[in-house]
Amino acid sequence: MSLVNFTTREITCKIVYYGPGRSGKTTNLQYIYGRVPDSRRGRMVSLATQTDRTLFFDFLPLDLGVISGFTTRFQLYTVPGQVYYNATRKLVLQGTDGVVFVADSQARRLDDNLESLQNLQANLLAQGVDVRQFPMVLQYNKQDLPQDLVLTSSDMDESLNFFGLKSFPADAVRGTGVFETLKGISELVLKRLAAGSSAT
Amino acid sequence: MSTPLNPRYRFDNYVVGAANKLAATAARAVAESPGAVYNPLFVYAGSGLGKTHLLMAIGHAAQEINPQVTVEYLTLDDFVEAFHTAIAAGQGDAYRRRYAEVGVLLVDDVQFLTHRREMQAELLRLTNTMLSSGRQIVLSSDRPPNEIEALDERLIQRFAGGLVIDISAPDFETRVAILRRQAEERKAQVDASVIETVAQLPLGSVRELIGALNRLIAFQAVSDKPLDPQQARAVLGRVGVVKQPSLAPAEGPPVPLNHANLESHLPREPEAVPPPEEEPVLSGDEFGSFLSEIQSAVARQVEPWRVRVNEAILFWDGEGYRVDRLRHILAEPSPENPEAALGAYIEDIERLKLLQAEMQELDPTAAGTALFRDPDRLSEALTETDRARQGASPPPGPSPLWTMDSFIESPSNRMSVRSAQAVVAEPGTTYNPLVITGSSGVGKTHLLHAIGNALAAKPKEVVACLGTQDFVDDLIKAIDKDRVNWWRIRYRRITALLLDDIHLLSGKERSQEELFWLFNLLHEGGKQMVFTSAVSLQEIEGLESRLQTRLNGGLVLELPAPDREVRAAIIARLLVERNLPADQELADYLAGRPADSVRSLPEMLQRVLHESEERHVKANAALAREVLEGSPAAPLRRSAAYRTSGVLSPTGGLRSREKMVWDWPSLTDRVIEDLR
């Protein structure tokens, strides 16, 4: 996917929120949606089951206006976290420019986090993407839960952050760390602009 | 009634960017040749995007190019008002007549035609008149014709019949360019980063953009030092806020900005101070700060030079130039001075353009080559043009197929061959000109090209060896394209002129004249000339005597019909070429047959071979005798001009058996035909 198109003078970034089921990916998007002025956001598309689980994916287009002469758009996606929706996850991951891995900080869900992270690596690898050289950040969500239920950021780093990625503690329901995470991934994605622009 | 053209609205100060390039190009074309291209020209664009500027620029340019042309600019309101006044005064006809003198009519704000039936009819009539008399009409509107409410369908069709073109909002770079020019015009020192800050404002029109700049200049005028981007943002932040109300939190009634309260408008939080390139944070919320960071990240990553180089690639690639050098700049992670490299590239292109234009005059075919589209080959293009300046790309040279070695010498043509050799040995001195006459097919062309090849083999020899018909055609082409001088330069550079079939000059006065001057020039310069003619010089009708005497002044030789020795040698060579056994008897027999032209020999042999193939017998003298003498089919009568020369390859073989002429008339018939 071309990030910078000099012909049409557009910058388009596709960012996918990935993670185990119920880790708070859709909540991240909903919080962002709520903070974006009407003129800047498209309709948030959310396909959920009756129990409010993401069935297919959420999609939130953000129009950041003209920056340095380029019409800049961000497209935020989430994937369904449940293990059995891997085909959908693969589909959503296609052509992504960056990934936010939303981990559930609850100690009991550590295995789910690991499984999902491995699944992400496998799915990216299937597309020929090496996760070590790919814009990606970690978000440790639900840090607001009682201390005895959750792992601290440093514990989470030790368990999940094998590649030394940027990580952000968060409470997506209240929005703590949500925009920090988005800024973090955007920065990484945009850093690749210069490298990728000559190819377009 | 009409509005005078604003002297400030000219093409010189019309900033062209991607958004208005097409419109500007069309406008220039219209100004250069009013009525000839894009008539009517209909320009539409949102308010403040330069329609009026463009219209008036057309007017100015048209007048500059042709001071005789009458240009009239009027807004639709002027048009309506004038019409109403005229009708009220009962002078409708006079009103109509006044446009009869106008060469370029510029009508602004046509969108106000909505629901004005009578004005639409009047404009339709005027448009028709202008179009039918080949005069230019240019119209502008804020929307395309088909979106002007209740506009007459016929008018829409008229407009669509010319060129309907739009101007969109200028891109960032164009906005910067416009602001810079404005600042220059106002002689105001505005910092480059401040200009970029203004250019980044979400303003849709150029007018608003200039308004924002004016505001800054006004502030700066009462300040003791130039504004920095941060202050500029504070001054202009409100412009953005006003334009984007949804993005701004309620801030209470706007407070007029002045120097006393400017400070209070500056960002207060030190940690939120963005880098200088950044656009102002439009809202204090999380999204605003996110947006601000993205903006600075994009500005950092999409470096201006990269944008410019990319744009240059798109543009010059579109113009058909090679852009490898620019791609190379982009491929480098951090090139040393990309702007200078880009500048050098554009400079090279400009030079290429000049060279190509010059080459177009000198040698149009060479001007079309890829050489003039590749700035990396500028030096080659320079050399090529230089060569052309000296009259390079000489006329056609001799055909390499005819050499002196392959010309069969015999007692009958020995004199011609020896003379040719003498000419080759000392060109321009012994026999100049050498004129070889002889009937068709005796080998004149072969000998001519053989001399040409021998001369061309010498260093620094530029030999022109061509048929007279080509010589004449080339001259006609040059006359047609008004490039006779170039044609002369080409021929003056040659060191030897060899013209085949000079008798074809008969009656071609201009060619004879040009040849006369060329002859004198070459003769004076000691350059060799060789001519052939199918008839003796005295018999050439319509050849000027001044040329005739000059041709006779050298050596005139007649090349006789091939004698038996020549024929035998040719037959022997043909047998070898066809991988046939050397049959002395057959060769002797065929050589003994009467032949007035070398060209008839392969034909004769072919008939025998064909017959031998048909009958599955060996080709020998007996068969040949039977084929050529015994009970031939009644020969068809042919005119003397009927020749096989189009069928024969230069080496004497046949290219295609299908093209073979089987029922060649007997030679005696031909002779009788000739005598008649």
# chains A, B, ... in the order shown; residues from 1 in each chain; ligands from 1

call {"tool": "interface_residues", "arguments": {"of": "chain B", "to": "chain A", "cutoff": "7 Å", "atoms": "only C-alpha atoms", "output": "VMD selection string"}}
result
chain B and resid 171 to 172 200 246 to 247 286 to 287 290 to 291 295 297 to 299 301 to 302 310 330 to 331

call {"tool": "select_by_dssp", "arguments": {"residues": "chain A", "states": "strand (DSSP E)", "output": "VMD selection string"}}
result
chain A and resid 4 to 5 10 to 18 45 to 48 54 to 67 70 to 78 98 to 104 136 to 141 166 to 169

call {"tool": "residues_around", "arguments": {"residues": "B:Ala232", "least_positions_apart": "3", "cutoff": "9 Å", "atoms": "only C-alpha atoms", "output": "MDAnalysis selection string"}}
result
chainID B and resid 194 197:198 216 227:229 235:237

call {"tool": "atom_distance", "arguments": {"atom1": "atom CA of B:Leu151", "atom2": "atom CA of B:Phe42"}}
result
14.4 Å

call {"tool": "residues_around", "arguments": {"residues": "stretch 375-381 of chain B", "least_positions_apart": "4", "cutoff": "9 Å", "atoms": "only C-alpha atoms", "output": "PyMOL selection string"}}
result
chain B and resi 321-325+345-346+348-349+351-352+355-356+371+385-386

call {"tool": "residues_around", "arguments": {"residues": "stretch 106-115 of chain A", "least_positions_apart": "2", "cutoff": "10 Å", "atoms": "only C-alpha atoms", "output": "JSON, numbers by chain"}}
result
{"A": [19, 20, 21, 23, 81, 82, 83, 101, 102, 103, 104, 117, 118, 119, 120, 121, 140, 141, 142, 143, 145, 146, 147, 148, 149, 150, 151, 152, 155, 156, 159, 160]}

call {"tool": "atom_distance", "arguments": {"atom1": "atom CA of B:Asp109", "atom2": "atom CA of B:Ser141"}}
result
4.7 Å

call {"tool": "residues_around", "arguments": {"residues": "A:Met136", "least_positions_apart": "4", "cutoff": "8 Å", "atoms": "only C-alpha atoms", "output": "ChimeraX atom specification"}}
result
/A:98-101,131,165-166,185,188

call {"tool": "residues_around", "arguments": {"residues": "B:Asp363", "least_positions_apart": "3", "cutoff": "8 Å", "atoms": "only C-alpha atoms", "output": "list of chain:residue names"}}
result
B:Met359, B:Gln360, B:Ala366, B:Ala367, B:Ala388, B:Ser393, B:Trp486

call {"tool": "atom_distance", "arguments": {"atom1": "atom CA of B:Leu543", "atom2": "atom CA of B:Val424"}}
result
27.4 Å

call {"tool": "closest_residue", "arguments": {"among": "A:Thr8, A:Thr88, A:Gln75, A:Asn123", "to": "A:Arg41", "atoms": "only C-alpha atoms"}}
result
A:Gln75

call {"tool": "select_by_dssp", "arguments": {"residues": "stretch 1-194 of chain A", "states": "helix (DSSP H, G or I)", "output": "ChimeraX atom specification"}}
result
/A:25-35,38-40,83-93,107-126,131-133,153-160,178-194

call {"tool": "write_last_selection", "arguments": {"atoms": "C-alpha atoms", "output": "JSON list (two decimals), in the first residue's frame"}}
result
[["chain", "number", "residue", "atom", "x", "y", "z"],
["A", 25, "LYS", "CA", -9.52, -2.72, 20.62],
["A", 26, "THR", "CA", -12.98, -1.49, 19.69],
["A", 27, "THR", "CA", -13.06, 0.58, 22.89],
["A", 28, "ASN", "CA", -9.88, 2.32, 21.68],
["A", 29, "LEU", "CA", -11.56, 3.21, 18.40],
["A", 30, "GLN", "CA", -14.75, 4.31, 20.09],
["A", 31, "TYR", "CA", -12.82, 6.63, 22.36],
["A", 32, "ILE", "CA", -10.99, 8.15, 19.40],
["A", 33, "TYR", "CA", -14.25, 8.46, 17.50],
["A", 34, "GLY", "CA", -15.74, 10.37, 20.40],
["A", 35, "ARG", "CA", -12.88, 12.87, 20.46],
["A", 38, "ASP", "CA", -17.43, 15.61, 13.16],
["A", 39, "SER", "CA", -15.79, 17.19, 10.16],
["A", 40, "ARG", "CA", -12.71, 15.03, 10.54],
["A", 83, "VAL", "CA", -9.31, -17.24, 17.90],
["A", 84, "TYR", "CA", -11.69, -18.64, 15.29],
["A", 85, "TYR", "CA", -11.82, -15.47, 13.19],
["A", 86, "ASN", "CA", -8.31, -15.82, 11.82],
["A", 87, "ALA", "CA", -9.37, -15.53, 8.17],
["A", 88, "THR", "CA", -10.89, -12.12, 8.91],
["A", 89, "ARG", "CA", -7.79, -11.04, 10.76],
["A", 90, "LYS", "CA", -5.61, -11.97, 7.81],
["A", 91, "LEU", "CA", -7.87, -10.02, 5.51],
["A", 92, "VAL", "CA", -7.83, -6.90, 7.66],
["A", 93, "LEU", "CA", -4.07, -7.07, 8.07],
["A", 107, "ALA", "CA", -2.74, -11.68, 34.76],
["A", 108, "ARG", "CA", -5.13, -14.46, 33.88],
["A", 109, "ARG", "CA", -5.17, -13.41, 30.25],
["A", 110, "LEU", "CA", -1.44, -13.51, 29.72],
["A", 111, "ASP", "CA", -1.66, -16.70, 27.68],
["A", 112, "ASP", "CA", -4.36, -15.21, 25.47],
["A", 113, "ASN", "CA", -2.08, -12.23, 24.86],
["A", 114, "LEU", "CA", 0.83, -14.47, 23.92],
["A", 115, "GLU", "CA", -1.30, -16.58, 21.66],
["A", 116, "SER", "CA", -2.66, -13.54, 19.88],
["A", 117, "LEU", "CA", 0.80, -12.02, 19.52],
["A", 118, "GLN", "CA", 2.09, -15.22, 17.98],
["A", 119, "ASN", "CA", -0.90, -15.28, 15.70],
["A", 120, "LEU", "CA", -0.11, -11.71, 14.62],
["A", 121, "GLN", "CA", 3.49, -12.62, 13.88],
["A", 122, "ALA", "CA", 2.40, -15.64, 11.86],
["A", 123, "ASN", "CA", -0.18, -13.66, 9.91],
["A", 124, "LEU", "CA", 2.26, -10.87, 9.14],
["A", 125, "LEU", "CA", 4.91, -13.36, 8.14],
["A", 126, "ALA", "CA", 2.42, -14.97, 5.77],
["A", 131, "VAL", "CA", 7.42, -7.99, 12.58],
["A", 132, "ARG", "CA", 10.83, -6.79, 13.79],
["A", 133, "GLN", "CA", 11.05, -4.23, 11.00],
["A", 153, "SER", "CA", 3.63, -2.26, 32.65],
["A", 154, "SER", "CA", 7.09, -3.57, 33.39],
["A", 155, "ASP", "CA", 5.75, -7.06, 34.04],
["A", 156, "MET", "CA", 3.85, -6.91, 30.76],
["A", 157, "ASP", "CA", 6.99, -5.69, 28.97],
["A", 158, "GLU", "CA", 8.86, -8.66, 30.31],
["A", 159, "SER", "CA", 6.17, -11.08, 29.20],
["A", 160, "LEU", "CA", 5.27, -9.69, 25.81],
["A", 178, "VAL", "CA", -5.44, 5.91, 23.89],
["A", 179, "PHE", "CA", -4.18, 8.94, 21.98],
["A", 180, "GLU", "CA", -0.64, 8.37, 23.24],
["A", 181, "THR", "CA", -0.78, 4.96, 21.62],
["A", 182, "LEU", "CA", -2.17, 6.39, 18.41],
["A", 183, "LYS", "CA", 0.52, 9.05, 18.37],
["A", 184, "GLY", "CA", 3.17, 6.42, 19.00],
["A", 185, "ILE", "CA", 2.13, 4.23, 16.10],
["A", 186, "SER", "CA", 1.53, 7.21, 13.80],
["A", 187, "GLU", "CA", 5.02, 8.45, 14.42],
["A", 188, "LEU", "CA", 6.49, 5.09, 13.50],
["A", 189, "VAL", "CA", 4.33, 4.81, 10.42],
["A", 190, "LEU", "CA", 5.16, 8.30, 9.24],
["A", 191, "LYS", "CA", 8.86, 7.70, 9.83],
["A", 192, "ARG", "CA", 8.66, 5.24, 7.01],
["A", 193, "LEU", "CA", 7.33, 7.95, 4.73],
["A", 194, "ALA", "CA", 10.69, 9.09, 3.53]]
